[in-house]
Structure formats: structure tokens, C-alpha cells
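Raw final26.cif, mmCIF, N, CA and C atoms:
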data_query
#
loop_
_atom_site.label_atom_id
_atom_site.label_comp_id
_atom_site.auth_asym_id
_atom_site.auth_seq_id
_atom_site.Cartn_x
_atom_site.Cartn_y
_atom_site.Cartn_z
N MET A 1 47.59 -19.43 60.37
CA MET A 1 46.45 -19.72 59.51
C MET A 1 46.55 -21.16 59.03
N SER A 2 45.46 -21.90 59.12
CA SER A 2 45.49 -23.31 58.72
C SER A 2 45.35 -23.46 57.21
N ARG A 3 45.83 -24.58 56.76
CA ARG A 3 45.78 -24.90 55.34
C ARG A 3 44.41 -25.47 55.00
N PRO A 4 43.78 -25.04 53.90
CA PRO A 4 42.47 -25.57 53.53
C PRO A 4 42.54 -27.09 53.33
N SER A 5 41.48 -27.78 53.72
CA SER A 5 41.51 -29.23 53.61
C SER A 5 41.02 -29.75 52.26
N TRP A 6 40.31 -28.94 51.49
CA TRP A 6 39.82 -29.35 50.17
C TRP A 6 40.41 -28.45 49.10
N LYS A 7 40.86 -29.05 48.00
CA LYS A 7 41.43 -28.28 46.90
C LYS A 7 40.59 -28.51 45.64
N LEU A 8 40.15 -27.41 45.03
CA LEU A 8 39.45 -27.47 43.75
C LEU A 8 40.45 -27.11 42.66
N THR A 9 40.62 -28.02 41.71
CA THR A 9 41.47 -27.78 40.55
C THR A 9 40.57 -27.72 39.33
N VAL A 10 40.67 -26.63 38.58
CA VAL A 10 39.86 -26.44 37.38
C VAL A 10 40.81 -26.36 36.19
N ARG A 11 40.67 -27.30 35.28
CA ARG A 11 41.44 -27.31 34.04
C ARG A 11 40.47 -26.97 32.91
N ASN A 12 40.63 -25.78 32.37
CA ASN A 12 39.75 -25.29 31.30
C ASN A 12 40.64 -24.87 30.15
N GLY A 13 40.73 -25.74 29.15
CA GLY A 13 41.66 -25.48 28.06
C GLY A 13 43.08 -25.50 28.59
N ALA A 14 43.85 -24.46 28.28
CA ALA A 14 45.23 -24.39 28.76
C ALA A 14 45.35 -23.79 30.16
N GLU A 15 44.25 -23.28 30.70
CA GLU A 15 44.27 -22.64 32.01
C GLU A 15 44.04 -23.66 33.13
N VAL A 16 44.80 -23.51 34.21
CA VAL A 16 44.63 -24.34 35.40
C VAL A 16 44.55 -23.42 36.60
N ASP A 17 43.45 -23.55 37.36
CA ASP A 17 43.25 -22.74 38.57
C ASP A 17 43.08 -23.65 39.76
N HIS A 18 43.51 -23.16 40.93
CA HIS A 18 43.37 -23.89 42.19
C HIS A 18 42.71 -22.97 43.21
N GLU A 19 41.81 -23.54 44.01
CA GLU A 19 41.20 -22.82 45.11
C GLU A 19 41.13 -23.76 46.30
N GLY A 20 41.24 -23.21 47.51
CA GLY A 20 41.16 -24.02 48.71
C GLY A 20 39.90 -23.73 49.51
N PHE A 21 39.39 -24.77 50.18
CA PHE A 21 38.17 -24.65 50.97
C PHE A 21 38.31 -25.44 52.26
N ASP A 22 37.61 -24.99 53.29
CA ASP A 22 37.66 -25.67 54.58
C ASP A 22 36.65 -26.80 54.70
N ASN A 23 35.57 -26.75 53.91
CA ASN A 23 34.61 -27.86 53.99
C ASN A 23 34.13 -28.25 52.59
N VAL A 24 33.66 -29.46 52.50
CA VAL A 24 33.28 -30.03 51.21
C VAL A 24 32.06 -29.34 50.61
N GLU A 25 31.13 -28.86 51.44
CA GLU A 25 29.94 -28.20 50.90
C GLU A 25 30.30 -26.93 50.13
N GLU A 26 31.19 -26.12 50.71
CA GLU A 26 31.64 -24.90 50.02
C GLU A 26 32.38 -25.25 48.73
N ALA A 27 33.21 -26.27 48.80
CA ALA A 27 34.00 -26.68 47.64
C ALA A 27 33.11 -27.16 46.50
N VAL A 28 32.09 -27.97 46.82
CA VAL A 28 31.19 -28.47 45.78
C VAL A 28 30.34 -27.33 45.20
N ALA A 29 29.92 -26.40 46.05
CA ALA A 29 29.15 -25.25 45.56
C ALA A 29 29.98 -24.44 44.57
N ARG A 30 31.24 -24.23 44.88
CA ARG A 30 32.12 -23.48 43.97
C ARG A 30 32.38 -24.26 42.69
N MET A 31 32.53 -25.58 42.80
CA MET A 31 32.72 -26.43 41.63
C MET A 31 31.52 -26.29 40.69
N ARG A 32 30.33 -26.33 41.25
CA ARG A 32 29.11 -26.21 40.46
C ARG A 32 29.07 -24.84 39.76
N GLU A 33 29.38 -23.80 40.52
CA GLU A 33 29.38 -22.45 39.96
C GLU A 33 30.35 -22.33 38.79
N ARG A 34 31.56 -22.83 38.96
CA ARG A 34 32.57 -22.75 37.89
C ARG A 34 32.17 -23.59 36.68
N ALA A 35 31.60 -24.78 36.92
CA ALA A 35 31.18 -25.65 35.82
C ALA A 35 30.09 -24.98 34.99
N LEU A 36 29.15 -24.33 35.66
CA LEU A 36 28.08 -23.64 34.94
C LEU A 36 28.62 -22.45 34.14
N GLU A 37 29.61 -21.74 34.70
CA GLU A 37 30.25 -20.63 33.97
C GLU A 37 30.94 -21.15 32.71
N ILE A 38 31.64 -22.27 32.83
CA ILE A 38 32.36 -22.83 31.69
C ILE A 38 31.37 -23.30 30.63
N ARG A 39 30.31 -23.95 31.05
CA ARG A 39 29.30 -24.42 30.09
C ARG A 39 28.67 -23.24 29.35
N ALA A 40 28.48 -22.12 30.04
CA ALA A 40 27.88 -20.94 29.43
C ALA A 40 28.76 -20.33 28.34
N GLU A 41 30.04 -20.65 28.33
CA GLU A 41 30.95 -20.15 27.29
C GLU A 41 30.60 -20.70 25.91
N GLY A 42 29.83 -21.78 25.88
CA GLY A 42 29.41 -22.35 24.60
C GLY A 42 30.21 -23.58 24.24
N PRO A 43 29.74 -24.30 23.21
CA PRO A 43 30.40 -25.55 22.82
C PRO A 43 31.71 -25.30 22.09
N PRO A 44 32.61 -26.29 22.16
CA PRO A 44 33.86 -26.18 21.40
C PRO A 44 33.60 -26.46 19.93
N LYS A 45 34.56 -26.16 19.12
CA LYS A 45 34.46 -26.47 17.70
C LYS A 45 34.73 -27.96 17.50
N VAL A 46 34.28 -28.48 16.39
CA VAL A 46 34.57 -29.87 16.05
C VAL A 46 36.07 -30.00 15.83
N ALA A 47 36.68 -31.01 16.42
CA ALA A 47 38.12 -31.21 16.31
C ALA A 47 38.40 -32.34 15.32
N ASN A 48 39.38 -32.12 14.46
CA ASN A 48 39.80 -33.14 13.51
C ASN A 48 41.25 -33.51 13.80
N VAL A 49 41.43 -34.58 14.58
CA VAL A 49 42.75 -35.10 14.88
C VAL A 49 42.69 -36.60 14.60
N LEU A 50 43.16 -37.02 13.47
CA LEU A 50 43.08 -38.38 12.97
C LEU A 50 41.64 -38.81 12.68
N ARG A 51 40.70 -38.29 13.41
CA ARG A 51 39.28 -38.51 13.13
C ARG A 51 38.51 -37.32 13.66
N LYS A 52 37.25 -37.24 13.30
CA LYS A 52 36.42 -36.11 13.70
C LYS A 52 35.85 -36.34 15.11
N PHE A 53 36.05 -35.37 16.02
CA PHE A 53 35.51 -35.44 17.37
C PHE A 53 34.40 -34.40 17.51
N GLU A 54 33.20 -34.86 17.69
CA GLU A 54 32.05 -33.99 17.89
C GLU A 54 32.11 -33.39 19.30
N PRO A 55 31.42 -32.27 19.54
CA PRO A 55 31.44 -31.66 20.88
C PRO A 55 31.08 -32.61 22.01
N LYS A 56 30.12 -33.51 21.80
CA LYS A 56 29.74 -34.43 22.88
C LYS A 56 30.85 -35.42 23.24
N GLU A 57 31.82 -35.59 22.35
CA GLU A 57 32.95 -36.49 22.60
C GLU A 57 34.14 -35.77 23.24
N GLN A 58 34.06 -34.45 23.34
CA GLN A 58 35.17 -33.67 23.86
C GLN A 58 34.94 -33.29 25.32
N VAL A 59 36.01 -33.22 26.07
CA VAL A 59 35.96 -32.70 27.43
C VAL A 59 36.45 -31.26 27.36
N THR A 60 35.55 -30.33 27.63
CA THR A 60 35.88 -28.91 27.58
C THR A 60 36.70 -28.51 28.80
N ALA A 61 36.29 -29.03 29.96
CA ALA A 61 36.98 -28.70 31.21
C ALA A 61 36.85 -29.86 32.18
N ARG A 62 37.81 -29.95 33.09
CA ARG A 62 37.78 -30.96 34.15
C ARG A 62 37.91 -30.23 35.48
N LEU A 63 36.96 -30.48 36.37
CA LEU A 63 36.96 -29.86 37.69
C LEU A 63 37.09 -30.99 38.71
N GLU A 64 38.10 -30.89 39.57
CA GLU A 64 38.37 -31.98 40.51
C GLU A 64 38.54 -31.44 41.91
N LEU A 65 37.88 -32.10 42.86
CA LEU A 65 38.06 -31.80 44.28
C LEU A 65 38.92 -32.89 44.88
N SER A 66 39.90 -32.49 45.67
CA SER A 66 40.77 -33.49 46.29
C SER A 66 40.99 -33.13 47.75
N HIS A 67 41.34 -34.16 48.51
CA HIS A 67 41.51 -34.05 49.95
C HIS A 67 42.56 -35.06 50.36
N GLY A 68 43.48 -34.66 51.23
CA GLY A 68 44.48 -35.59 51.72
C GLY A 68 45.80 -35.45 51.00
N GLY A 69 46.72 -36.29 51.42
CA GLY A 69 48.07 -36.24 50.88
C GLY A 69 48.22 -36.99 49.57
N PHE A 70 49.44 -37.00 49.08
CA PHE A 70 49.74 -37.59 47.78
C PHE A 70 49.39 -39.08 47.72
N LEU A 71 49.78 -39.83 48.75
CA LEU A 71 49.56 -41.27 48.73
C LEU A 71 48.14 -41.67 49.14
N ARG A 72 47.48 -40.85 49.94
CA ARG A 72 46.14 -41.19 50.43
C ARG A 72 45.10 -40.17 49.96
N LYS A 73 45.31 -39.67 48.77
CA LYS A 73 44.44 -38.62 48.24
C LYS A 73 43.08 -39.18 47.84
N GLN A 74 42.05 -38.46 48.21
CA GLN A 74 40.69 -38.76 47.78
C GLN A 74 40.33 -37.70 46.74
N ALA A 75 39.73 -38.13 45.64
CA ALA A 75 39.40 -37.17 44.59
C ALA A 75 38.12 -37.57 43.88
N ALA A 76 37.37 -36.57 43.48
CA ALA A 76 36.16 -36.76 42.66
C ALA A 76 35.90 -35.44 41.96
N GLY A 77 35.15 -35.49 40.88
CA GLY A 77 34.88 -34.26 40.15
C GLY A 77 33.92 -34.46 39.01
N VAL A 78 33.90 -33.49 38.12
CA VAL A 78 33.06 -33.55 36.93
C VAL A 78 33.85 -33.10 35.71
N ASP A 79 33.54 -33.74 34.60
CA ASP A 79 34.02 -33.28 33.31
C ASP A 79 32.89 -32.50 32.67
N VAL A 80 33.22 -31.34 32.10
CA VAL A 80 32.24 -30.58 31.33
C VAL A 80 32.46 -30.99 29.88
N ARG A 81 31.45 -31.64 29.31
CA ARG A 81 31.54 -32.13 27.94
C ARG A 81 31.19 -31.01 26.97
N GLY A 82 31.63 -31.16 25.75
CA GLY A 82 31.37 -30.16 24.73
C GLY A 82 29.91 -29.92 24.42
N ASP A 83 29.06 -30.92 24.71
CA ASP A 83 27.63 -30.76 24.46
C ASP A 83 26.90 -30.16 25.67
N GLY A 84 27.66 -29.75 26.70
CA GLY A 84 27.07 -29.10 27.86
C GLY A 84 26.71 -30.03 29.00
N THR A 85 26.92 -31.32 28.84
CA THR A 85 26.61 -32.26 29.91
C THR A 85 27.76 -32.34 30.91
N PHE A 86 27.43 -32.79 32.11
CA PHE A 86 28.42 -32.98 33.17
C PHE A 86 28.55 -34.47 33.43
N LEU A 87 29.78 -34.96 33.44
CA LEU A 87 30.04 -36.37 33.70
C LEU A 87 30.82 -36.49 35.01
N PRO A 88 30.17 -37.00 36.08
CA PRO A 88 30.88 -37.12 37.36
C PRO A 88 31.81 -38.33 37.36
N TYR A 89 32.88 -38.23 38.15
CA TYR A 89 33.84 -39.33 38.27
C TYR A 89 34.44 -39.30 39.67
N ARG A 90 35.08 -40.40 40.02
CA ARG A 90 35.87 -40.46 41.26
C ARG A 90 37.24 -40.98 40.91
N GLY A 91 38.21 -40.60 41.73
CA GLY A 91 39.58 -41.02 41.52
C GLY A 91 40.39 -39.95 40.83
N GLY A 92 41.69 -39.99 41.06
CA GLY A 92 42.59 -39.02 40.45
C GLY A 92 43.17 -39.57 39.17
N LEU A 93 44.24 -40.35 39.29
CA LEU A 93 44.88 -40.92 38.10
C LEU A 93 44.02 -42.00 37.47
N ARG A 94 43.39 -42.80 38.29
CA ARG A 94 42.53 -43.88 37.79
C ARG A 94 41.08 -43.46 37.99
N ARG A 95 40.54 -42.77 37.02
CA ARG A 95 39.17 -42.25 37.12
C ARG A 95 38.15 -43.33 36.83
N GLU A 96 37.06 -43.27 37.60
CA GLU A 96 35.93 -44.16 37.40
C GLU A 96 34.69 -43.28 37.20
N GLU A 97 34.02 -43.45 36.06
CA GLU A 97 32.80 -42.68 35.82
C GLU A 97 31.73 -43.10 36.81
N LEU A 98 30.95 -42.13 37.28
CA LEU A 98 29.86 -42.39 38.22
C LEU A 98 28.52 -42.18 37.54
N ASP A 99 27.53 -42.95 37.95
CA ASP A 99 26.19 -42.85 37.37
C ASP A 99 25.35 -41.88 38.20
N PRO A 100 25.01 -40.71 37.65
CA PRO A 100 24.28 -39.70 38.42
C PRO A 100 22.76 -39.88 38.39
N SER A 101 22.25 -40.97 37.83
CA SER A 101 20.82 -41.10 37.61
C SER A 101 19.97 -41.08 38.89
N ASN A 102 20.50 -41.46 40.03
CA ASN A 102 19.73 -41.45 41.28
C ASN A 102 19.99 -40.20 42.12
N HIS A 103 20.52 -39.16 41.51
CA HIS A 103 20.85 -37.93 42.22
C HIS A 103 20.24 -36.74 41.49
N ASP A 104 19.94 -35.68 42.24
CA ASP A 104 19.38 -34.48 41.63
C ASP A 104 20.35 -33.85 40.63
N THR A 105 21.63 -33.80 41.02
CA THR A 105 22.66 -33.24 40.14
C THR A 105 23.91 -34.09 40.25
N PRO A 106 24.80 -34.02 39.25
CA PRO A 106 26.07 -34.73 39.37
C PRO A 106 26.92 -34.19 40.52
N PHE A 107 26.68 -32.95 40.91
CA PHE A 107 27.44 -32.34 41.99
C PHE A 107 27.06 -32.95 43.34
N ASP A 108 25.78 -33.34 43.48
CA ASP A 108 25.35 -34.05 44.70
C ASP A 108 26.09 -35.38 44.81
N LEU A 109 26.25 -36.06 43.69
CA LEU A 109 26.96 -37.34 43.68
C LEU A 109 28.44 -37.16 44.04
N VAL A 110 29.06 -36.11 43.54
CA VAL A 110 30.46 -35.83 43.89
C VAL A 110 30.57 -35.58 45.40
N ARG A 111 29.68 -34.77 45.96
CA ARG A 111 29.70 -34.49 47.39
C ARG A 111 29.53 -35.77 48.20
N GLU A 112 28.54 -36.58 47.85
CA GLU A 112 28.30 -37.84 48.56
C GLU A 112 29.50 -38.78 48.46
N THR A 113 30.10 -38.83 47.30
CA THR A 113 31.28 -39.69 47.09
C THR A 113 32.42 -39.26 48.00
N LEU A 114 32.67 -37.96 48.07
CA LEU A 114 33.76 -37.46 48.90
C LEU A 114 33.45 -37.58 50.39
N GLU A 115 32.20 -37.34 50.77
CA GLU A 115 31.83 -37.48 52.18
C GLU A 115 31.92 -38.93 52.63
N GLY A 116 31.56 -39.85 51.75
CA GLY A 116 31.64 -41.27 52.08
C GLY A 116 33.07 -41.77 52.18
N ALA A 117 33.99 -41.13 51.47
CA ALA A 117 35.40 -41.53 51.48
C ALA A 117 36.16 -40.94 52.64
N SER A 118 35.59 -39.88 53.27
CA SER A 118 36.30 -39.21 54.38
C SER A 118 36.25 -40.03 55.64
#

Would you put the structure from the file into C-alpha cells?
Amino acid sequence: MSRPSWKLTVRNGAEVDHEGFDNVEEAVARMRERALEIRAEGPPKVANVLRKFEPKEQVTARLELSHGGFLRKQAAGVDVRGDGTFLPYRGGLRREELDPSNHDTPFDLVRETLEGAS
């Protein structure tokens, strides 16, 4: 049995889940499904750690798709913000926020980013 080429990592609070997929379309569809489930859980509480963090300033969950090995890893994903918005990004350790304004959904932008990097 072959090893899946795409890995979805979902960090939701203290929980971390991993799923494998053979193609990017399936992986992005699952990412979207999980992100919508997490957003449906509702907003986080206001956090007071040295200063007050409103829900829109908090990252409730981070969903990342990755492909390739440790040194040549390609990664992109979305952050689920406390106010229910999705913020797409590319990169693993060095994340770069992406502008989703020319795309139907942030998930389309993640798919295009990963397909362009392959």
C-alpha cells in the first residue's frame, strides 16, 4: 500500500489530528469540511493574557496541508479565527498570509497555491 502524498494536520485547541490523501482536491475538500465544523462550534471566550484578546484576534484552529519531505516540504492552509473568518496562508515555519479577495473561497486559494508549487 502506498503512502498518501498529502497530509492534513488539524490543530484545534489541544487536539492535533492527521489525515492522509492521495490528491490535493480530496485534501482541500476535507480541510474545508473540518474548518466549517470547527467554526460551527462557536467563538472562543475573550482571553486576558497581559492584554485583552478579542475573538477576531484569536486563532481557534490551524489546518495545514503539506506535501513532500522535511527539507522540501510544501505547505499551505487556513487559520480559523475566533470571529469565524478563515485566513489562508502558505509556508510551514515561515507563514505568509495570502489575500483571498480574487477567489471564491480561501480554500480555492490554498488549492491553487499547492498546485502551483507542485

Point to revise | Contacts of segment 72-85 of chain A within 6 Å, only N, CA and C atoms, excl. fewer than 2 positions in-chain, as a PyMOL selection string | key: chain A and resi 39+43-44+55-70+87-92+110

Restricted to N, CA and C atoms, what would the selected residues look like written as a PDB file, in the frame of the given file?
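As a result, selection06.pdb now contains:
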ATOM      1  N   ARG A  39      30.310 -23.950  31.050  1.00  0.00           N
ATOM      2  CA  ARG A  39      29.300 -24.420  30.090  1.00  0.00           C
ATOM      3  C   ARG A  39      28.670 -23.240  29.350  1.00  0.00           C
ATOM      4  N   PRO A  43      29.740 -24.300  23.210  1.00  0.00           N
ATOM      5  CA  PRO A  43      30.400 -25.550  22.820  1.00  0.00           C
ATOM      6  C   PRO A  43      31.710 -25.300  22.090  1.00  0.00           C
ATOM      7  N   PRO A  44      32.610 -26.290  22.160  1.00  0.00           N
ATOM      8  CA  PRO A  44      33.860 -26.180  21.400  1.00  0.00           C
ATOM      9  C   PRO A  44      33.600 -26.460  19.930  1.00  0.00           C
ATOM     10  N   PRO A  55      31.420 -32.270  19.540  1.00  0.00           N
ATOM     11  CA  PRO A  55      31.440 -31.660  20.880  1.00  0.00           C
ATOM     12  C   PRO A  55      31.080 -32.610  22.010  1.00  0.00           C
ATOM     13  N   LYS A  56      30.120 -33.510  21.800  1.00  0.00           N
ATOM     14  CA  LYS A  56      29.740 -34.430  22.880  1.00  0.00           C
ATOM     15  C   LYS A  56      30.850 -35.420  23.240  1.00  0.00           C
ATOM     16  N   GLU A  57      31.820 -35.590  22.350  1.00  0.00           N
ATOM     17  CA  GLU A  57      32.950 -36.490  22.600  1.00  0.00           C
ATOM     18  C   GLU A  57      34.140 -35.770  23.240  1.00  0.00           C
ATOM     19  N   GLN A  58      34.060 -34.450  23.340  1.00  0.00           N
ATOM     20  CA  GLN A  58      35.170 -33.670  23.860  1.00  0.00           C
ATOM     21  C   GLN A  58      34.940 -33.290  25.320  1.00  0.00           C
ATOM     22  N   VAL A  59      36.010 -33.220  26.070  1.00  0.00           N
ATOM     23  CA  VAL A  59      35.960 -32.700  27.430  1.00  0.00           C
ATOM     24  C   VAL A  59      36.450 -31.260  27.360  1.00  0.00           C
ATOM     25  N   THR A  60      35.550 -30.330  27.630  1.00  0.00           N
ATOM     26  CA  THR A  60      35.880 -28.910  27.580  1.00  0.00           C
ATOM     27  C   THR A  60      36.700 -28.510  28.800  1.00  0.00           C
ATOM     28  N   ALA A  61      36.290 -29.030  29.960  1.00  0.00           N
ATOM     29  CA  ALA A  61      36.980 -28.700  31.210  1.00  0.00           C
ATOM     30  C   ALA A  61      36.850 -29.860  32.180  1.00  0.00           C
ATOM     31  N   ARG A  62      37.810 -29.950  33.090  1.00  0.00           N
ATOM     32  CA  ARG A  62      37.780 -30.960  34.150  1.00  0.00           C
ATOM     33  C   ARG A  62      37.910 -30.230  35.480  1.00  0.00           C
ATOM     34  N   LEU A  63      36.960 -30.480  36.370  1.00  0.00           N
ATOM     35  CA  LEU A  63      36.960 -29.860  37.690  1.00  0.00           C
ATOM     36  C   LEU A  63      37.090 -30.990  38.710  1.00  0.00           C
ATOM     37  N   GLU A  64      38.100 -30.890  39.570  1.00  0.00           N
ATOM     38  CA  GLU A  64      38.370 -31.980  40.510  1.00  0.00           C
ATOM     39  C   GLU A  64      38.540 -31.440  41.910  1.00  0.00           C
ATOM     40  N   LEU A  65      37.880 -32.100  42.860  1.00  0.00           N
ATOM     41  CA  LEU A  65      38.060 -31.800  44.280  1.00  0.00           C
ATOM     42  C   LEU A  65      38.920 -32.890  44.880  1.00  0.00           C
ATOM     43  N   SER A  66      39.900 -32.490  45.670  1.00  0.00           N
ATOM     44  CA  SER A  66      40.770 -33.490  46.290  1.00  0.00           C
ATOM     45  C   SER A  66      40.990 -33.130  47.750  1.00  0.00           C
ATOM     46  N   HIS A  67      41.340 -34.160  48.510  1.00  0.00           N
ATOM     47  CA  HIS A  67      41.510 -34.050  49.950  1.00  0.00           C
ATOM     48  C   HIS A  67      42.560 -35.060  50.360  1.00  0.00           C
ATOM     49  N   GLY A  68      43.480 -34.660  51.230  1.00  0.00           N
ATOM     50  CA  GLY A  68      44.480 -35.590  51.720  1.00  0.00           C
ATOM     51  C   GLY A  68      45.800 -35.450  51.000  1.00  0.00           C
ATOM     52  N   GLY A  69      46.720 -36.290  51.420  1.00  0.00           N
ATOM     53  CA  GLY A  69      48.070 -36.240  50.880  1.00  0.00           C
ATOM     54  C   GLY A  69      48.220 -36.990  49.570  1.00  0.00           C
ATOM     55  N   PHE A  70      49.440 -37.000  49.080  1.00  0.00           N
ATOM     56  CA  PHE A  70      49.740 -37.590  47.780  1.00  0.00           C
ATOM     57  C   PHE A  70      49.390 -39.080  47.720  1.00  0.00           C
ATOM     58  N   LEU A  87      29.780 -34.960  33.440  1.00  0.00           N
ATOM     59  CA  LEU A  87      30.040 -36.370  33.700  1.00  0.00           C
ATOM     60  C   LEU A  87      30.820 -36.490  35.010  1.00  0.00           C
ATOM     61  N   PRO A  88      30.170 -37.000  36.080  1.00  0.00           N
ATOM     62  CA  PRO A  88      30.880 -37.120  37.360  1.00  0.00           C
ATOM     63  C   PRO A  88      31.810 -38.330  37.360  1.00  0.00           C
ATOM     64  N   TYR A  89      32.880 -38.230  38.150  1.00  0.00           N
ATOM     65  CA  TYR A  89      33.840 -39.330  38.270  1.00  0.00           C
ATOM     66  C   TYR A  89      34.440 -39.300  39.670  1.00  0.00           C
ATOM     67  N   ARG A  90      35.080 -40.400  40.020  1.00  0.00           N
ATOM     68  CA  ARG A  90      35.870 -40.460  41.260  1.00  0.00           C
ATOM     69  C   ARG A  90      37.240 -40.980  40.910  1.00  0.00           C
ATOM     70  N   GLY A  91      38.210 -40.600  41.730  1.00  0.00           N
ATOM     71  CA  GLY A  91      39.580 -41.020  41.520  1.00  0.00           C
ATOM     72  C   GLY A  91      40.390 -39.950  40.830  1.00  0.00           C
ATOM     73  N   GLY A  92      41.690 -39.990  41.060  1.00  0.00           N
ATOM     74  CA  GLY A  92      42.590 -39.020  40.450  1.00  0.00           C
ATOM     75  C   GLY A  92      43.170 -39.570  39.170  1.00  0.00           C
ATOM     76  N   VAL A 110      29.060 -36.110  43.540  1.00  0.00           N
ATOM     77  CA  VAL A 110      30.460 -35.830  43.890  1.00  0.00           C
ATOM     78  C   VAL A 110      30.570 -35.580  45.400  1.00  0.00           C
TER      79      VAL A 110
END

Practice item. Please write as a count of residues only the full residue list that the PyMOL selection byres ((chain A and resi 24) around 8) yields on this file. Key: 14

**Study point:** helix (DSSP H, G or I) per DSSP on the backbone: members of chain A, as a PyMOL selection string
**Key:** chain A and resi 24-40+55-57+100-102+106-117

Check your understanding: If we count only C-alpha atoms, what is near Pro100 of chain A at a cut-off of 10 Å, once residues fewer than 2 positions away on the same chain are taken out, given as a list in words?
Key ->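 Selected residues are Phe86, Leu87, Pro88, Tyr89, Glu97, Leu98, Asn102, His103, Asp104, Thr105, Pro106, Phe107, Asp108, Leu109 and Val110 of chain A.
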
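Here atom CA of Glu19 of chain A stands at a distance of 20.8 Å from atom C of Leu93 of chain A.
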
Practice item. Check the smallest atom-to-atom distance from each of A:Leu50, A:Thr9, A:Glu96, A:Glu112 to Arg34 of chain A using only C-alpha atoms, then report the winner. Key: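 Looking at the shortest contact to Arg34 of chain A, the residue is A:Thr9.
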
Review point. What does the distance from atom N of Leu36 of chain A to atom C of Glu15 of chain A come to in Å, to one decimal?
Key: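 Value for the atom N of Leu36 of chain A-atom C of Glu15 of chain A distance: 15.1 Å.
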
Review point. Mind pulling up the distance from atom CA of Asn12 of chain A to atom CA of Ala35 of chain A?
Key: 9.7 Å

Exercise for review: Check the DSSP output for the backbone and give back, as number ranges by chain, the residues of chain A in strand (DSSP E or B).
Suggested key: A: 6-12, 15-21, 47-49, 51-53, 59-67, 74-81, 86-90, 96-97
